[in-house]
$ cat entry34.txt   # compact mmCIF, C-alpha atoms and all ligand atoms
# COMPACT_ATOMS: atom_id res chain seq x y z
CA MET H 1 -13.37 -27.24 37.85
CA ASN H 2 -11.01 -29.75 39.45
CA ASN H 3 -13.41 -32.53 38.76
CA PRO H 4 -14.65 -32.68 35.14
CA PRO H 5 -17.00 -35.69 35.66
CA GLN H 6 -18.86 -33.81 38.41
CA LEU H 7 -19.15 -30.65 36.37
CA PHE H 8 -20.26 -32.66 33.33
CA GLU H 9 -22.98 -34.36 35.38
CA TYR H 10 -24.18 -31.01 36.70
CA LEU H 11 -24.33 -29.37 33.26
CA ILE H 12 -26.20 -32.37 31.88
CA ARG H 13 -28.89 -32.03 34.54
CA ILE H 14 -29.70 -28.44 33.69
CA ALA H 15 -29.43 -29.10 29.96
CA ASP H 16 -31.78 -32.10 30.24
CA ASP H 17 -34.36 -29.95 32.06
CA ARG H 18 -34.33 -27.44 29.21
CA LEU H 19 -34.28 -30.01 26.41
CA ILE H 20 -37.13 -32.16 27.69
CA LEU H 21 -39.33 -29.16 28.47
CA GLY H 22 -38.54 -27.71 25.04
CA HIS H 23 -39.39 -31.00 23.36
CA ARG H 24 -42.73 -31.15 25.17
CA LEU H 25 -43.54 -27.62 23.94
CA SER H 26 -42.58 -28.54 20.40
CA GLU H 27 -45.32 -31.20 20.46
CA TRP H 28 -47.84 -28.34 20.34
CA CYS H 29 -46.50 -27.06 17.05
CA GLY H 30 -49.47 -26.95 14.67
CA HIS H 31 -51.92 -27.99 17.41
CA ALA H 32 -52.22 -25.03 19.79
CA PRO H 33 -55.69 -23.52 20.36
CA LEU H 34 -54.75 -20.11 18.88
CA LEU H 35 -52.32 -19.12 16.16
CA GLU H 36 -50.53 -16.70 18.52
CA GLU H 37 -50.15 -19.48 21.08
CA ASP H 38 -48.87 -21.92 18.49
CA ILE H 39 -46.14 -19.40 17.67
CA ALA H 40 -45.50 -18.54 21.32
CA LEU H 41 -45.12 -22.17 22.47
CA ALA H 42 -42.90 -23.01 19.50
CA ASN H 43 -40.70 -19.99 20.23
CA ILE H 44 -40.44 -20.75 23.93
CA GLY H 45 -39.60 -24.36 23.06
CA LEU H 46 -36.91 -23.09 20.70
CA ASP H 47 -35.38 -20.97 23.47
CA CYS H 48 -35.35 -24.01 25.79
CA ILE H 49 -33.73 -26.27 23.18
CA GLY H 50 -31.24 -23.54 22.26
CA GLN H 51 -30.19 -23.11 25.89
CA ALA H 52 -29.91 -26.90 26.18
CA ASN H 53 -27.76 -27.02 23.04
CA ASN H 54 -25.39 -24.42 24.48
CA LEU H 55 -25.17 -26.30 27.78
CA TYR H 56 -24.53 -29.66 26.05
CA THR H 57 -21.84 -28.04 23.90
CA VAL H 58 -20.04 -26.84 27.02
CA ALA H 59 -20.63 -30.18 28.78
CA ALA H 60 -19.10 -32.05 25.83
CA GLU H 61 -15.99 -29.85 26.05
CA VAL H 62 -15.73 -30.45 29.79
CA GLU H 63 -16.07 -34.20 29.25
CA GLY H 64 -13.35 -34.17 26.59
CA LYS H 65 -14.41 -37.44 24.96
CA LYS H 66 -15.07 -35.91 21.55
CA ARG H 67 -18.81 -36.46 21.90
CA SER H 68 -21.00 -33.80 20.29
CA ALA H 69 -24.14 -32.24 21.75
CA ASP H 70 -26.14 -34.43 19.34
CA ASP H 71 -24.37 -37.60 20.52
CA ILE H 72 -25.26 -36.77 24.11
CA VAL H 73 -28.89 -36.14 23.25
CA PHE H 74 -29.63 -38.95 20.82
CA PHE H 75 -27.56 -41.80 22.23
CA ARG H 76 -28.36 -41.79 25.92
CA GLU H 77 -30.95 -44.06 27.56
CA ALA H 78 -33.69 -42.83 29.88
CA VAL H 79 -31.66 -43.81 32.98
CA GLU H 80 -28.87 -41.53 31.79
CA TYR H 81 -31.22 -38.55 31.54
CA LYS H 82 -31.11 -36.45 34.71
CA ASN H 83 -33.97 -33.99 34.18
CA LEU H 84 -36.60 -33.12 36.78
CA LEU H 85 -39.72 -35.29 36.66
CA LEU H 86 -41.90 -32.19 36.28
CA VAL H 87 -40.64 -31.32 32.80
CA GLU H 88 -41.24 -34.78 31.32
CA GLN H 89 -44.94 -34.86 32.27
CA PRO H 90 -47.18 -35.01 29.19
CA ASN H 91 -48.94 -31.96 27.74
CA LYS H 92 -52.42 -33.47 28.25
CA ASP H 93 -54.32 -30.23 27.63
CA PHE H 94 -53.48 -26.54 27.33
CA ALA H 95 -54.05 -26.02 31.07
CA GLN H 96 -51.66 -28.77 32.11
CA THR H 97 -49.02 -27.49 29.65
CA LEU H 98 -49.23 -23.97 31.08
CA VAL H 99 -49.29 -25.10 34.71
CA ARG H 100 -46.17 -27.20 34.09
CA GLN H 101 -44.56 -24.23 32.37
CA PHE H 102 -45.50 -21.84 35.16
CA LEU H 103 -44.20 -24.15 37.92
CA TYR H 104 -40.92 -24.56 36.04
CA ASP H 105 -40.51 -20.94 34.84
CA SER H 106 -40.87 -19.52 38.34
CA PHE H 107 -38.18 -21.94 39.54
CA GLY H 108 -35.96 -21.59 36.46
CA LEU H 109 -35.96 -17.82 36.73
CA LEU H 110 -34.59 -17.98 40.29
CA TYR H 111 -32.14 -20.74 39.42
CA PHE H 112 -30.65 -19.14 36.30
CA ASP H 113 -30.58 -15.77 38.05
CA ALA H 114 -28.26 -17.33 40.64
CA LEU H 115 -26.19 -19.09 37.96
CA GLN H 116 -25.27 -15.74 36.41
CA GLN H 117 -22.69 -15.52 39.21
CA SER H 118 -21.19 -18.95 38.51
CA ALA H 119 -17.41 -19.09 38.75
CA PHE H 120 -17.49 -21.29 35.63
CA GLN H 121 -17.55 -18.58 32.95
CA PRO H 122 -19.30 -20.42 30.09
CA LEU H 123 -22.14 -21.37 32.45
CA ALA H 124 -22.42 -17.80 33.75
CA GLY H 125 -22.61 -16.54 30.15
CA ILE H 126 -25.33 -19.00 29.16
CA ALA H 127 -27.28 -18.10 32.31
CA GLN H 128 -27.01 -14.34 31.67
CA LYS H 129 -28.90 -14.75 28.43
CA ALA H 130 -31.22 -17.53 29.62
CA VAL H 131 -32.48 -15.44 32.51
CA LYS H 132 -33.59 -12.70 30.11
CA GLU H 133 -35.38 -15.26 27.95
CA LEU H 134 -36.95 -16.87 31.02
CA ARG H 135 -38.42 -13.52 32.05
CA TYR H 136 -40.42 -13.49 28.82
CA HIS H 137 -41.43 -17.12 29.41
CA PHE H 138 -42.51 -16.42 32.98
CA ARG H 139 -44.58 -13.43 31.95
CA HIS H 140 -46.30 -15.58 29.33
CA SER H 141 -47.04 -18.56 31.58
CA SER H 142 -48.04 -16.56 34.66
CA GLN H 143 -50.47 -14.44 32.63
CA TRP H 144 -52.06 -17.60 31.29
CA ILE H 145 -52.45 -19.01 34.82
CA LEU H 146 -54.38 -15.87 35.75
CA ARG H 147 -56.59 -16.06 32.67
CA LEU H 148 -57.27 -19.78 32.95
CA GLY H 149 -57.70 -19.92 36.73
CA ASP H 150 -59.91 -16.87 36.91
CA GLY H 151 -61.63 -17.64 33.60
CA THR H 152 -64.59 -19.89 32.82
CA ASP H 153 -65.77 -22.76 35.03
CA GLU H 154 -64.17 -25.22 32.67
CA SER H 155 -60.83 -23.45 32.39
CA HIS H 156 -60.73 -23.08 36.18
CA GLN H 157 -61.51 -26.74 36.72
CA ARG H 158 -58.93 -27.96 34.22
CA THR H 159 -56.24 -25.69 35.64
CA GLN H 160 -56.99 -26.83 39.19
CA GLU H 161 -56.81 -30.49 38.09
CA ALA H 162 -53.48 -29.86 36.39
CA LEU H 163 -52.14 -28.17 39.51
CA ASN H 164 -53.32 -31.08 41.68
CA SER H 165 -51.67 -33.64 39.43
CA LEU H 166 -48.36 -31.79 38.92
CA TRP H 167 -47.83 -30.56 42.48
CA ARG H 168 -46.26 -33.89 43.52
CA TYR H 169 -43.30 -33.12 41.26
CA THR H 170 -42.49 -29.71 42.73
CA GLY H 171 -40.68 -30.93 45.86
CA GLU H 172 -37.91 -32.29 43.67
CA LEU H 173 -37.09 -28.82 42.35
CA PHE H 174 -35.55 -27.93 45.71
CA GLU H 175 -33.59 -31.08 46.51
CA SER H 176 -29.93 -30.13 46.66
CA ASP H 177 -27.95 -33.37 46.65
CA SER H 178 -24.26 -33.76 47.48
CA LEU H 179 -23.19 -32.97 43.89
CA GLU H 180 -25.04 -29.66 43.84
CA GLN H 181 -23.79 -28.78 47.33
CA GLN H 182 -20.21 -29.62 46.42
CA LEU H 183 -20.26 -27.52 43.24
CA HIS H 184 -22.06 -24.73 45.05
CA SER H 185 -19.29 -24.62 47.64
CA GLU H 186 -16.86 -24.16 44.74
CA GLY H 187 -18.92 -21.23 43.46
CA ILE H 188 -20.03 -23.08 40.31
CA ALA H 189 -23.56 -24.34 41.04
CA ALA H 190 -26.70 -22.63 42.32
CA LEU H 191 -28.28 -24.08 45.46
CA SER H 192 -31.92 -24.93 44.77
CA SER H 193 -32.77 -25.80 48.39
CA GLY H 194 -32.30 -22.14 49.30
CA MET H 195 -34.88 -21.00 46.76
CA LYS H 196 -37.95 -22.77 48.13
CA GLU H 197 -39.18 -19.90 50.25
CA GLU H 198 -38.94 -17.33 47.47
CA TRP H 199 -40.57 -19.72 45.00
CA ASP H 200 -43.46 -20.40 47.42
CA LYS H 201 -44.03 -16.67 47.67
CA ILE H 202 -44.11 -16.12 43.91
CA VAL H 203 -46.30 -19.11 43.17
CA THR H 204 -48.71 -18.49 46.06
CA GLU H 205 -49.29 -14.91 45.02
CA ILE H 206 -50.20 -15.81 41.44
CA LEU H 207 -52.26 -18.89 42.30
CA ASN H 208 -54.24 -16.85 44.85
CA LYS H 209 -54.90 -14.15 42.27
CA ALA H 210 -55.97 -16.86 39.84
CA THR H 211 -58.46 -18.16 42.45
CA LEU H 212 -56.73 -21.55 42.44
CA GLN H 213 -56.34 -23.78 45.48
CA ILE H 214 -52.77 -24.59 46.42
CA PRO H 215 -52.46 -28.34 47.02
CA SER H 216 -51.63 -29.51 50.53
CA SER H 217 -48.00 -29.33 51.60
CA GLU H 218 -48.58 -32.83 53.02
CA MET H 219 -48.98 -34.25 49.52
CA HIS H 220 -46.60 -37.14 48.83
CA GLN H 221 -43.73 -35.93 46.66
CA GLN H 222 -42.26 -38.01 43.87
CA THR H 223 -38.55 -37.63 43.06
CA GLY H 224 -35.72 -39.44 41.32
CA GLY H 225 -35.06 -37.55 38.09
CA ARG H 226 -31.57 -36.47 39.13
CA LYS H 227 -30.71 -40.15 39.70
CA GLY H 228 -32.15 -41.24 36.36
CA GLN H 229 -35.32 -42.73 37.91
CA HIS H 230 -38.08 -41.41 35.70
CA THR H 231 -41.81 -41.68 35.21
CA GLU H 232 -42.99 -43.85 32.32
CA HIS H 233 -43.46 -40.74 30.16
CA LEU H 234 -39.79 -40.02 29.50
CA GLY H 235 -39.22 -43.31 27.67
CA HIS H 236 -41.99 -42.53 25.19
CA LEU H 237 -40.68 -39.02 24.62
CA LEU H 238 -37.13 -40.27 24.00
CA ALA H 239 -38.32 -43.00 21.65
CA GLU H 240 -39.92 -40.39 19.42
CA MET H 241 -37.06 -37.91 19.72
CA GLN H 242 -34.27 -40.43 19.10
CA ILE H 243 -35.72 -42.87 16.55
CA LEU H 244 -34.35 -41.22 13.42
CA GLN H 245 -30.75 -40.85 14.63
CA ARG H 246 -30.76 -44.34 16.09
CA SER H 247 -32.10 -45.89 12.88
CA PHE H 248 -29.74 -43.92 10.65
CA PRO H 249 -26.73 -42.88 12.75
CA ASP H 250 -25.01 -39.68 11.55
CA ILE H 251 -27.84 -38.89 9.16
CA LYS H 252 -27.74 -35.29 7.89
CA TRP H 253 -30.72 -33.20 6.86
CA MET C 1 2.49 -15.35 -9.65
CA VAL C 2 0.33 -12.53 -8.39
CA GLU C 3 1.52 -10.97 -5.20
CA THR C 4 -1.39 -10.80 -2.71
CA LYS C 5 -1.38 -8.71 0.39
CA PRO C 6 -1.56 -10.78 3.57
CA HIS C 7 -4.86 -10.55 5.43
CA THR C 8 -5.22 -8.44 8.52
CA THR C 9 -7.90 -8.39 11.21
CA GLU C 10 -9.23 -5.24 9.54
CA SER C 11 -9.40 -6.78 6.05
CA ILE C 12 -11.24 -9.79 7.46
CA ARG C 13 -13.72 -7.58 9.27
CA GLU C 14 -14.25 -5.83 5.94
CA ILE C 15 -15.01 -9.16 4.24
CA LEU C 16 -17.34 -10.21 7.07
CA SER C 17 -19.32 -7.00 6.79
CA SER C 18 -20.81 -8.50 3.62
CA VAL C 19 -22.14 -11.56 5.51
CA LEU C 20 -25.78 -10.77 6.26
CA ASP C 21 -28.14 -12.05 8.92
CA PRO C 22 -30.63 -14.20 6.94
CA GLU C 23 -33.54 -13.00 9.07
CA ILE C 24 -32.70 -9.28 8.89
CA PRO C 25 -30.88 -9.12 5.56
CA VAL C 26 -29.91 -5.47 5.95
CA LEU C 27 -27.67 -6.22 8.92
CA SER C 28 -24.25 -7.86 8.73
CA VAL C 29 -22.70 -10.13 11.31
CA ILE C 30 -20.51 -7.17 12.24
CA ASP C 31 -23.58 -4.90 12.77
CA MET C 32 -25.14 -7.63 14.94
CA GLY C 33 -22.10 -7.76 17.19
CA ILE C 34 -21.70 -11.53 16.96
CA ILE C 35 -18.08 -11.52 15.77
CA ARG C 36 -16.10 -11.51 19.03
CA GLU C 37 -12.57 -12.15 17.86
CA ILE C 38 -10.55 -12.61 14.71
CA GLY C 39 -7.22 -14.41 14.93
CA ILE C 40 -4.69 -14.83 12.14
CA ASP C 41 -1.81 -17.24 12.40
CA GLU C 42 0.33 -17.86 9.31
CA GLY C 43 -2.61 -17.49 6.94
CA LYS C 44 -4.90 -19.58 9.15
CA VAL C 45 -7.93 -17.63 10.32
CA THR C 46 -9.91 -18.23 13.50
CA VAL C 47 -13.22 -16.43 13.92
CA THR C 48 -14.89 -16.51 17.34
CA ILE C 49 -18.60 -15.87 17.32
CA THR C 50 -21.28 -15.72 19.98
CA PRO C 51 -24.91 -16.74 19.45
CA THR C 52 -27.72 -14.17 19.64
CA TYR C 53 -31.01 -15.53 21.04
CA SER C 54 -30.32 -19.01 22.48
CA GLY C 55 -32.86 -20.56 20.17
CA CYS C 56 -31.89 -18.63 17.05
CA PRO C 57 -32.18 -21.13 14.18
CA ALA C 58 -30.21 -18.78 11.91
CA MET C 59 -26.91 -19.41 13.69
CA HIS C 60 -26.06 -22.48 11.56
CA VAL C 61 -26.74 -20.55 8.36
CA ILE C 62 -24.63 -17.66 9.64
CA GLU C 63 -21.69 -19.96 10.43
CA GLU C 64 -21.85 -21.49 6.97
CA SER C 65 -22.01 -18.05 5.31
CA ILE C 66 -18.98 -16.85 7.26
CA ARG C 67 -17.01 -19.89 6.16
CA SER C 68 -18.02 -19.74 2.51
CA THR C 69 -17.52 -15.96 2.23
CA LEU C 70 -13.99 -16.23 3.61
CA LEU C 71 -13.33 -19.11 1.19
CA GLU C 72 -14.51 -17.02 -1.76
CA ASN C 73 -11.97 -14.43 -0.66
CA GLY C 74 -9.16 -16.93 -0.83
CA ILE C 75 -9.00 -17.84 2.85
CA ASP C 76 -9.25 -21.61 2.86
CA SER C 77 -8.15 -22.34 6.41
CA VAL C 78 -10.98 -21.13 8.63
CA THR C 79 -11.74 -22.30 12.14
CA LEU C 80 -14.99 -21.16 13.74
CA LYS C 81 -15.19 -21.04 17.51
CA THR C 82 -18.17 -20.28 19.71
CA THR C 83 -18.01 -18.39 22.97
CA PHE C 84 -20.84 -18.01 25.48
CA SER C 85 -19.32 -15.42 27.75
CA PRO C 86 -19.94 -12.53 27.86
CA ALA C 87 -23.51 -13.15 26.76
CA TRP C 88 -24.72 -11.38 23.62
CA THR C 89 -27.13 -8.53 24.27
CA THR C 90 -29.14 -6.24 22.02
CA ASP C 91 -27.10 -3.39 23.58
CA TRP C 92 -24.32 -4.42 21.20
CA LEU C 93 -26.35 -3.37 18.17
CA SER C 94 -24.83 -0.14 16.90
CA ASP C 95 -26.93 2.96 16.27
CA THR C 96 -26.36 2.46 12.55
CA ALA C 97 -27.63 -1.10 12.88
CA LYS C 98 -30.75 0.07 14.70
CA LYS C 99 -31.37 2.70 12.03
CA LYS C 100 -31.04 0.14 9.23
CA MET C 101 -33.38 -2.22 11.09
CA ASN C 102 -35.99 0.52 11.46
CA GLU C 103 -35.79 1.40 7.76
CA TYR C 104 -36.27 -2.28 6.95
CA GLY C 105 -39.57 -2.21 8.90
CA ILE C 106 -38.54 -3.84 12.16
CA ALA C 107 -38.73 -1.63 15.23
CA PRO C 108 -35.30 -1.84 16.91
CA PRO C 109 -34.91 -2.80 20.58
CA VAL C 110 -35.43 0.00 23.08
CA GLN C 111 -33.84 0.34 26.51
CA ILE C 112 -36.07 -1.11 29.18
CA PRO C 113 -35.76 0.56 32.56
CA HIS C 114 -34.17 -1.79 35.06
CA SER C 115 -36.94 -3.69 36.79
CA ALA C 116 -37.43 -6.53 39.23
CA LEU C 117 -36.65 -10.08 38.12
CA LEU C 118 -40.29 -11.04 37.88
CA GLN C 119 -41.59 -7.97 36.10
CA ILE C 120 -40.75 -6.60 32.73
CA GLU C 121 -42.48 -3.51 31.53
CA ILE C 122 -44.05 -3.70 28.13
CA PRO C 123 -42.09 -1.04 26.27
CA LYS C 124 -43.56 1.78 24.21
CA VAL C 125 -42.45 1.06 20.68
CA PRO C 126 -42.69 3.69 17.93
CA CYS C 127 -44.02 2.49 14.57
CA PRO C 128 -41.15 1.99 12.10
CA TYR C 129 -43.37 3.23 9.22
CA CYS C 130 -45.09 6.40 10.46
CA HIS C 131 -43.14 6.88 13.73
CA SER C 132 -46.35 7.21 15.74
CA SER C 133 -46.10 6.14 19.35
CA GLU C 134 -49.71 4.95 19.26
CA THR C 135 -48.88 1.26 18.97
CA GLN C 136 -50.11 -1.88 20.64
CA LEU C 137 -48.49 -5.20 21.59
CA LYS C 138 -50.42 -7.99 19.85
CA SER C 139 -48.27 -10.97 20.71
CA GLU C 140 -45.08 -11.28 22.71
CA PHE C 141 -43.85 -13.92 20.29
CA GLY C 142 -43.54 -13.21 16.58
CA SER C 143 -42.17 -14.89 13.49
CA THR C 144 -38.87 -15.61 15.21
CA ALA C 145 -37.78 -16.00 18.84
CA CYS C 146 -36.26 -12.51 18.85
CA LYS C 147 -39.32 -10.57 17.72
CA ALA C 148 -42.67 -9.50 19.15
CA TYR C 149 -45.69 -8.62 17.07
CA TYR C 150 -47.10 -5.07 17.28
CA PHE C 151 -49.83 -3.09 15.59
CA CYS C 152 -49.78 0.63 14.76
CA ILE C 153 -53.04 2.36 15.65
CA SER C 154 -52.17 5.45 13.57
CA CYS C 155 -51.33 3.87 10.21
CA HIS C 156 -52.98 0.45 10.78
CA GLN C 157 -49.81 -1.35 9.89
CA PRO C 158 -48.72 -4.50 11.73
CA PHE C 159 -45.00 -4.60 12.39
CA GLU C 160 -42.36 -6.53 14.29
CA PHE C 161 -40.31 -5.37 17.24
CA PHE C 162 -36.86 -6.77 17.99
CA LYS C 163 -37.15 -7.63 21.68
CA PRO C 164 -34.45 -6.34 23.99
CA LEU C 165 -32.27 -9.08 25.42
ZN ZN K 1 -47.58 3.54 11.91
$ encode --input "entry34.txt" --output "structure tokens"
Amino acid sequence: MNNPPQLFEYLIRIADDRLILGHRLSEWCGHAPLLEEDIALANIGLDCIGQANNLYTVAAEVEGKKRSADDIVFFREAVEYKNLLLVEQPNKDFAQTLVRQFLYDSFGLLYFDALQQSAFQPLAGIAQKAVKELRYHFRHSSQWILRLGDGTDESHQRTQEALNSLWRYTGELFESDSLEQQLHSEGIAALSSGMKEEWDKIVTEILNKATLQIPSSEMHQQTGGRKGQHTEHLGHLLAEMQILQRSFPDIKW
Amino acid sequence: MVETKPHTTESIREILSSVLDPEIPVLSVIDMGIIREIGIDEGKVTVTITPTYSGCPAMHVIEESIRSTLLENGIDSVTLKTTFSPAWTTDWLSDTAKKKMNEYGIAPPVQIPHSALLQIEIPKVPCPYCHSSETQLKSEFGSTACKAYYFCISCHQPFEFFKPL
């Protein structure tokens, strides 16, 4: 905690992951294929956005510039967002949404599990609750992967296509840059590079059961989210999310 | 001038026990275990709260009710603080709170045996209406983030279950 800007940057990364994924899920509200799924996706999205809100609140305190969580969310540009590229990918169809969720949930569960031991107490507290919520999310998304992969010809095909198109964003999950390594050595951060093996095991087991083909490990991997280099999709998402507050700053509901 | 007794932590807890959770309006913020600390300094009151489910949309309403209830009781200097550690858990719900929840028609959280990170057992939940254990999970996600949706095979009544966290 000797270096507030570093800690702020780290908290923002994890918060951005949760916010952007939560926002994507919220786009299903009123459109999901089943009523139960509409409710489930909205609730999971709410958990994600709630965790993000808690993380931004702590980040704002660490930063000490009197910015609120809302300021951080609504008045940053795409280059200032540090989320993983995976979570900003569009919903496309139900299969792609659930594959994205499954790839993230299996990673997030391991990551937040490790963060429960963070030496930075507020982060450890947020992680202790988030990991319990993520267990419900993981059960939901992994069960859907089984049903969709080992379902009809069409559901299998769509799920395989989603997996093929999202796989290129999974390498980034395990890139531990110097910031993460530094904060990990101080006992604050979790080290994602050490989780790859365990994640491979979890994901392989479920994809095999779901009769899905795991894309080649040779596949070119796209990264850059942690540096603010995003795919074109984030800009569109932010435009929709931020328009009201940017048009009418400080507007209250 | 009327002499009023100065407030104590106990008297403030008493006042706060009338602030109800808008989603389970038989439980107070005290029953829910979200009041973590009450500080009094020369008539100025600081209440530290902790959120329940991360995505609980009722937290804003709860904060406002705490503030306005204290105001109605003549405490006009109220500071609300939020703490994230230790994390709120359904284990903090008192037995009385669980009983009230059950009578209201929401099955209270049950202890889940400790299990591996990737597996959670689906708990056996007794029906809050007829107490039968012949119930079925219909959907893991109910009307709010904290509840799952169950169905009672014995009395054919759908009901909600407050998920353990
Ligand atoms: Zn019953």
$ closest_residue --input "entry34.txt" --among "C:Leu118, C:Ala87, C:Ile30, C:Ile106" --to "ligand ZN 1 (chain K)" --atoms "only C-alpha atoms and all ligand atoms"
C:Ile106
$ interface_residues --input "entry34.txt" --of "chain H" --to "chain C" --cutoff "6 Å" --atoms "only C-alpha atoms" --output "compact mmCIF listing (two decimals) with C-alpha atoms, in the frame of the given file"
# COMPACT_ATOMS: atom_id res chain seq x y z
CA ALA H 40 -45.50 -18.54 21.32
CA ASN H 43 -40.70 -19.99 20.23
CA LEU H 46 -36.91 -23.09 20.70
CA ASP H 47 -35.38 -20.97 23.47
CA GLY H 50 -31.24 -23.54 22.26
CA GLN H 51 -30.19 -23.11 25.89
CA PRO H 122 -19.30 -20.42 30.09
CA GLY H 125 -22.61 -16.54 30.15
CA ILE H 126 -25.33 -19.00 29.16
CA LYS H 129 -28.90 -14.75 28.43
$ residues_near_ligand --input "entry34.txt" --ligand "ligand ZN 1 (chain K)" --cutoff "10 Å" --atoms "all atoms listed in the file" --output "PDB file with C-alpha atoms, in the coordinates of the input"
ATOM      1  CA  PRO C 126     -42.690   3.690  17.930  1.00  0.00           C
ATOM      2  CA  CYS C 127     -44.020   2.490  14.570  1.00  0.00           C
ATOM      3  CA  PRO C 128     -41.150   1.990  12.100  1.00  0.00           C
ATOM      4  CA  TYR C 129     -43.370   3.230   9.220  1.00  0.00           C
ATOM      5  CA  CYS C 130     -45.090   6.400  10.460  1.00  0.00           C
ATOM      6  CA  HIS C 131     -43.140   6.880  13.730  1.00  0.00           C
ATOM      7  CA  SER C 132     -46.350   7.210  15.740  1.00  0.00           C
ATOM      8  CA  SER C 133     -46.100   6.140  19.350  1.00  0.00           C
ATOM      9  CA  GLU C 134     -49.710   4.950  19.260  1.00  0.00           C
ATOM     10  CA  THR C 135     -48.880   1.260  18.970  1.00  0.00           C
ATOM     11  CA  PHE C 151     -49.830  -3.090  15.590  1.00  0.00           C
ATOM     12  CA  CYS C 152     -49.780   0.630  14.760  1.00  0.00           C
ATOM     13  CA  ILE C 153     -53.040   2.360  15.650  1.00  0.00           C
ATOM     14  CA  SER C 154     -52.170   5.450  13.570  1.00  0.00           C
ATOM     15  CA  CYS C 155     -51.330   3.870  10.210  1.00  0.00           C
ATOM     16  CA  HIS C 156     -52.980   0.450  10.780  1.00  0.00           C
ATOM     17  CA  GLN C 157     -49.810  -1.350   9.890  1.00  0.00           C
ATOM     18  CA  PRO C 158     -48.720  -4.500  11.730  1.00  0.00           C
ATOM     19  CA  PHE C 159     -45.000  -4.600  12.390  1.00  0.00           C
TER      20      PHE C 159
END
$ residues_near_point --input "entry34.txt" --point "(-16.3, -33.1, 31.2)" --cutoff "10 Å" --atoms "all atoms listed in the file" --output "list of chain:residue names"
H:Met1, H:Asn3, H:Pro4, H:Pro5, H:Gln6, H:Leu7, H:Phe8, H:Glu9, H:Tyr10, H:Leu11, H:Ile12, H:Val58, H:Ala59, H:Ala60, H:Glu61, H:Val62, H:Glu63, H:Gly64, H:Lys65
$ atom_distance --input "entry34.txt" --atom1 "CA of Thr69 (chain C)" --atom2 "CA of Lys98 (chain C)"
24.2 Å
$ atom_distance --input "entry34.txt" --atom1 "CA of Thr48 (chain C)" --atom2 "CA of Lys99 (chain C)"
25.9 Å
$ atom_distance --input "entry34.txt" --atom1 "CA of Asn83 (chain H)" --atom2 "CA of Ala52 (chain H)"
11.4 Å
$ residues_around --input "entry34.txt" --residues "Ile15 (chain C)" --least-positions-apart "2" --cutoff "8 Å" --atoms "all atoms listed in the file" --output "JSON, numbers by chain"
{"C": [11, 12, 13, 17, 18, 19, 69, 70, 73]}
$ residues_near_point --input "entry34.txt" --point "(-43.6, -28.8, 19.2)" --cutoff "10 Å" --atoms "all atoms listed in the file" --output "PyMOL selection string"
chain H and resi 22-32+38-39+41-46
$ residues_around --input "entry34.txt" --residues "Ile251 (chain H)" --least-positions-apart "5" --cutoff "12 Å" --atoms "only C-alpha atoms" --output "list in words"
Asp70, Asp71, Phe74, Gln242, Ile243, Leu244, Gln245 and Arg246 of chain H
$ closest_residue --input "entry34.txt" --among "C:Val61, C:Glu23, C:Thr9, C:Ile66" --to "Ile40 (chain C)" --atoms "all atoms listed in the file"
C:Thr9
$ closest_residue --input "entry34.txt" --among "H:Arg147, H:Arg168, H:His230, H:His140" --to "Glu36 (chain H)" --atoms "all atoms listed in the file"
H:His140
$ residues_around --input "entry34.txt" --residues "Thr211 (chain H)" --least-positions-apart "2" --cutoff "12 Å" --atoms "all atoms listed in the file" --output "PyMOL selection string"
chain H and resi 145-153+155-157+159-160+204-209+213-214
$ write_last_selection --input "entry34.txt" --atoms "C-alpha atoms" --output "PDB file, in the frame of the given file"
ATOM      1  CA  ILE H 145     -52.450 -19.010  34.820  1.00  0.00           C
ATOM      2  CA  LEU H 146     -54.380 -15.870  35.750  1.00  0.00           C
ATOM      3  CA  ARG H 147     -56.590 -16.060  32.670  1.00  0.00           C
ATOM      4  CA  LEU H 148     -57.270 -19.780  32.950  1.00  0.00           C
ATOM      5  CA  GLY H 149     -57.700 -19.920  36.730  1.00  0.00           C
ATOM      6  CA  ASP H 150     -59.910 -16.870  36.910  1.00  0.00           C
ATOM      7  CA  GLY H 151     -61.630 -17.640  33.600  1.00  0.00           C
ATOM      8  CA  THR H 152     -64.590 -19.890  32.820  1.00  0.00           C
ATOM      9  CA  ASP H 153     -65.770 -22.760  35.030  1.00  0.00           C
ATOM     10  CA  SER H 155     -60.830 -23.450  32.390  1.00  0.00           C
ATOM     11  CA  HIS H 156     -60.730 -23.080  36.180  1.00  0.00           C
ATOM     12  CA  GLN H 157     -61.510 -26.740  36.720  1.00  0.00           C
ATOM     13  CA  THR H 159     -56.240 -25.690  35.640  1.00  0.00           C
ATOM     14  CA  GLN H 160     -56.990 -26.830  39.190  1.00  0.00           C
ATOM     15  CA  THR H 204     -48.710 -18.490  46.060  1.00  0.00           C
ATOM     16  CA  GLU H 205     -49.290 -14.910  45.020  1.00  0.00           C
ATOM     17  CA  ILE H 206     -50.200 -15.810  41.440  1.00  0.00           C
ATOM     18  CA  LEU H 207     -52.260 -18.890  42.300  1.00  0.00           C
ATOM     19  CA  ASN H 208     -54.240 -16.850  44.850  1.00  0.00           C
ATOM     20  CA  LYS H 209     -54.900 -14.150  42.270  1.00  0.00           C
ATOM     21  CA  GLN H 213     -56.340 -23.780  45.480  1.00  0.00           C
ATOM     22  CA  ILE H 214     -52.770 -24.590  46.420  1.00  0.00           C
TER      23      ILE H 214
END
